[in-house]
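Student: Take a look at this one; I'll ask things after.
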Amino acid sequence: MVSNILVAIDGSKASEKAFDFAVDEAGLHNATLHAIYVVETGLFSSLPTDNSVEIMYRALEKEGDEVFAKANKAASARGIPLTTQMKQGHAGNEIITLAEHQKVDMIVVGSHGKSNADRLLLGSVSNYVVTHGKITTLVVRS
């Protein structure tokens, strides 16, 4: 039985499909739905700490707020309550940590992020969650 679902969203087409699937599952099972957006701090770890890094973080946080606004609107239109969490760190690790903390029954992730460059730089977040997590994870293909 699925009563608590976590979906990872990043604004990509794959994460939009994952979100739609998670909303459907939440409605089907009358489950609680959580969404996570992770600002990948690993992207900037080798850069010198200065104003430009702070500007990049703020831009990514703003993007996260926009992704959450769109998700909240879509979930609300379908009668599904949604809680959101923005985290900073390694996306795969943050997804697993929040899933364990929220005691979710299922994690839903898209098959890939915003670009192929993300995959080359960071590795596949979905692969990381499937490989390292202990919670059932569904990967939605785009």
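Scheme for the structure tokens: letters A, B, ... for chains in order shown; per-chain residue numbers from 1; ligand numbers from 1 in order shown.
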Using only C-alpha atoms, which protein or nucleic acid residues come within 8 Å of segment 20-28 of chain A? Drop anything in the same chain fewer than 5 positions from it, and give the result as a list in words.
Tutor: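 Result of the neighbour search: Ser3, Asn4, Ile5, Leu6, Val7, Leu33, Ala75, Ile80, Val108 and Val140 of chain A.
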Student: Using atom CA of Asn72 of chain A and atom CA of Ile9 of chain A as the two end points, give the distance in Å to one decimal.
Tutor: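 Between these atoms lies a distance of 11.8 Å.
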Student: Restricting the calculation to only C-alpha atoms: of A:Val130, A:Ala71, A:Ala14, A:Ala59, which residue gets closest to Ile96 of chain A?
Tutor: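 Looking at the shortest contact to Ile96 of chain A, the residue is A:Val130.
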Student: Tell me, in Å to one decimal, how far atom CA of Lys62 of chain A is from atom CA of Lys13 of chain A.
Tutor: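 Distance between the two atoms: 18.2 Å.
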Student: As a PyMOL selection string, please: every residue in segment 17-106 of chain A that a backbone DSSP assignment puts in alpha helix (DSSP H).
Tutor: chain A and resi 17-29+51-77+91-102
Student: Mind giving me the straight-line distance from atom CA of Ser15 of chain A to atom CA of Ser142 of chain A in Å, one decimal?
Tutor: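 Rounded to one decimal, the two atoms are 8.3 Å apart.
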Student: Could you tell me, as a ChimeraX atom specification, which residues of chain A DSSP assigns to strand (DSSP E) when given the backbone?
Tutor: /A:4-8,32-40,82-89,106-110,137-140
Student: Suppose we keep N, CA and C atoms; can you now write the selection as a PDB file, in the first residue's frame?
Tutor:
ATOM      1  N   ASN A   4       2.423   7.471   1.138  1.00  0.00           N
ATOM      2  CA  ASN A   4       3.303   8.628   1.244  1.00  0.00           C
ATOM      3  C   ASN A   4       4.282   8.592   0.073  1.00  0.00           C
ATOM      4  N   ILE A   5       4.224   9.595  -0.810  1.00  0.00           N
ATOM      5  CA  ILE A   5       5.015   9.604  -2.047  1.00  0.00           C
ATOM      6  C   ILE A   5       5.897  10.843  -2.084  1.00  0.00           C
ATOM      7  N   LEU A   6       7.138  10.668  -2.532  1.00  0.00           N
ATOM      8  CA  LEU A   6       8.053  11.785  -2.775  1.00  0.00           C
ATOM      9  C   LEU A   6       8.394  11.816  -4.250  1.00  0.00           C
ATOM     10  N   VAL A   7       8.258  12.981  -4.869  1.00  0.00           N
ATOM     11  CA  VAL A   7       8.628  13.147  -6.270  1.00  0.00           C
ATOM     12  C   VAL A   7       9.714  14.216  -6.369  1.00  0.00           C
ATOM     13  N   ALA A   8      10.751  13.913  -7.147  1.00  0.00           N
ATOM     14  CA  ALA A   8      11.829  14.873  -7.389  1.00  0.00           C
ATOM     15  C   ALA A   8      11.506  15.659  -8.648  1.00  0.00           C
ATOM     16  N   THR A  32      -0.315  10.960   0.632  1.00  0.00           N
ATOM     17  CA  THR A  32       0.310  12.259   0.842  1.00  0.00           C
ATOM     18  C   THR A  32       1.390  12.431  -0.217  1.00  0.00           C
ATOM     19  N   LEU A  33       1.479  13.629  -0.813  1.00  0.00           N
ATOM     20  CA  LEU A  33       2.465  13.881  -1.866  1.00  0.00           C
ATOM     21  C   LEU A  33       3.431  14.976  -1.432  1.00  0.00           C
ATOM     22  N   HIS A  34       4.708  14.670  -1.560  1.00  0.00           N
ATOM     23  CA  HIS A  34       5.791  15.610  -1.268  1.00  0.00           C
ATOM     24  C   HIS A  34       6.593  15.800  -2.546  1.00  0.00           C
ATOM     25  N   ALA A  35       7.111  17.013  -2.752  1.00  0.00           N
ATOM     26  CA  ALA A  35       8.002  17.271  -3.893  1.00  0.00           C
ATOM     27  C   ALA A  35       9.293  17.870  -3.357  1.00  0.00           C
ATOM     28  N   ILE A  36      10.398  17.505  -3.984  1.00  0.00           N
ATOM     29  CA  ILE A  36      11.695  18.037  -3.621  1.00  0.00           C
ATOM     30  C   ILE A  36      12.361  18.639  -4.856  1.00  0.00           C
ATOM     31  N   TYR A  37      12.994  19.783  -4.650  1.00  0.00           N
ATOM     32  CA  TYR A  37      13.824  20.434  -5.669  1.00  0.00           C
ATOM     33  C   TYR A  37      15.183  20.639  -5.004  1.00  0.00           C
ATOM     34  N   VAL A  38      16.240  20.188  -5.658  1.00  0.00           N
ATOM     35  CA  VAL A  38      17.571  20.286  -5.064  1.00  0.00           C
ATOM     36  C   VAL A  38      18.441  21.237  -5.872  1.00  0.00           C
ATOM     37  N   VAL A  39      18.978  22.234  -5.181  1.00  0.00           N
ATOM     38  CA  VAL A  39      19.994  23.105  -5.763  1.00  0.00           C
ATOM     39  C   VAL A  39      21.307  22.351  -5.624  1.00  0.00           C
ATOM     40  N   GLU A  40      21.847  21.908  -6.750  1.00  0.00           N
ATOM     41  CA  GLU A  40      23.068  21.089  -6.770  1.00  0.00           C
ATOM     42  C   GLU A  40      24.290  21.921  -6.401  1.00  0.00           C
ATOM     43  N   LEU A  82      -0.086  19.192  -1.681  1.00  0.00           N
ATOM     44  CA  LEU A  82       1.335  18.999  -1.971  1.00  0.00           C
ATOM     45  C   LEU A  82       2.165  19.773  -0.964  1.00  0.00           C
ATOM     46  N   THR A  83       3.176  19.115  -0.411  1.00  0.00           N
ATOM     47  CA  THR A  83       4.161  19.816   0.401  1.00  0.00           C
ATOM     48  C   THR A  83       5.464  19.846  -0.396  1.00  0.00           C
ATOM     49  N   THR A  84       6.197  20.933  -0.256  1.00  0.00           N
ATOM     50  CA  THR A  84       7.425  21.085  -1.038  1.00  0.00           C
ATOM     51  C   THR A  84       8.610  21.343  -0.113  1.00  0.00           C
ATOM     52  N   GLN A  85       9.766  20.880  -0.565  1.00  0.00           N
ATOM     53  CA  GLN A  85      11.016  21.081   0.169  1.00  0.00           C
ATOM     54  C   GLN A  85      12.109  21.421  -0.835  1.00  0.00           C
ATOM     55  N   MET A  86      12.785  22.552  -0.600  1.00  0.00           N
ATOM     56  CA  MET A  86      13.958  22.892  -1.401  1.00  0.00           C
ATOM     57  C   MET A  86      15.184  22.579  -0.550  1.00  0.00           C
ATOM     58  N   LYS A  87      16.117  21.857  -1.134  1.00  0.00           N
ATOM     59  CA  LYS A  87      17.339  21.461  -0.430  1.00  0.00           C
ATOM     60  C   LYS A  87      18.548  21.890  -1.245  1.00  0.00           C
ATOM     61  N   GLN A  88      19.689  21.930  -0.591  1.00  0.00           N
ATOM     62  CA  GLN A  88      20.963  22.189  -1.266  1.00  0.00           C
ATOM     63  C   GLN A  88      21.877  21.009  -0.986  1.00  0.00           C
ATOM     64  N   GLY A  89      22.595  20.573  -2.019  1.00  0.00           N
ATOM     65  CA  GLY A  89      23.514  19.458  -1.845  1.00  0.00           C
ATOM     66  C   GLY A  89      23.538  18.591  -3.078  1.00  0.00           C
ATOM     67  N   MET A 106       7.205   5.413  -1.572  1.00  0.00           N
ATOM     68  CA  MET A 106       7.651   5.389  -2.954  1.00  0.00           C
ATOM     69  C   MET A 106       8.300   6.724  -3.314  1.00  0.00           C
ATOM     70  N   ILE A 107       9.403   6.628  -4.052  1.00  0.00           N
ATOM     71  CA  ILE A 107      10.053   7.795  -4.634  1.00  0.00           C
ATOM     72  C   ILE A 107       9.787   7.746  -6.127  1.00  0.00           C
ATOM     73  N   VAL A 108       9.437   8.882  -6.711  1.00  0.00           N
ATOM     74  CA  VAL A 108       9.234   8.966  -8.155  1.00  0.00           C
ATOM     75  C   VAL A 108      10.229   9.985  -8.705  1.00  0.00           C
ATOM     76  N   VAL A 109      11.005   9.564  -9.706  1.00  0.00           N
ATOM     77  CA  VAL A 109      11.991  10.444 -10.336  1.00  0.00           C
ATOM     78  C   VAL A 109      11.879  10.326 -11.849  1.00  0.00           C
ATOM     79  N   GLY A 110      12.299  11.375 -12.532  1.00  0.00           N
ATOM     80  CA  GLY A 110      12.383  11.327 -13.988  1.00  0.00           C
ATOM     81  C   GLY A 110      13.635  10.570 -14.401  1.00  0.00           C
ATOM     82  N   THR A 137      11.627   2.822  -5.732  1.00  0.00           N
ATOM     83  CA  THR A 137      11.778   3.995  -6.591  1.00  0.00           C
ATOM     84  C   THR A 137      11.267   3.682  -7.983  1.00  0.00           C
ATOM     85  N   LEU A 138      10.408   4.554  -8.476  1.00  0.00           N
ATOM     86  CA  LEU A 138       9.873   4.396  -9.809  1.00  0.00           C
ATOM     87  C   LEU A 138      10.498   5.463 -10.701  1.00  0.00           C
ATOM     88  N   VAL A 139      11.098   5.049 -11.792  1.00  0.00           N
ATOM     89  CA  VAL A 139      11.726   5.965 -12.741  1.00  0.00           C
ATOM     90  C   VAL A 139      10.784   6.118 -13.923  1.00  0.00           C
ATOM     91  N   VAL A 140      10.362   7.374 -14.149  1.00  0.00           N
ATOM     92  CA  VAL A 140       9.438   7.665 -15.242  1.00  0.00           C
ATOM     93  C   VAL A 140      10.260   8.118 -16.447  1.00  0.00           C
TER      94      VAL A 140
END
Student: Between A:Lys134, A:Met1, A:Ala31, A:Tyr128, single out the one closest to Gly79 of chain A, counting only C-alpha atoms.
Tutor: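 Result for the nearest residue to Gly79 of chain A: A:Ala31.
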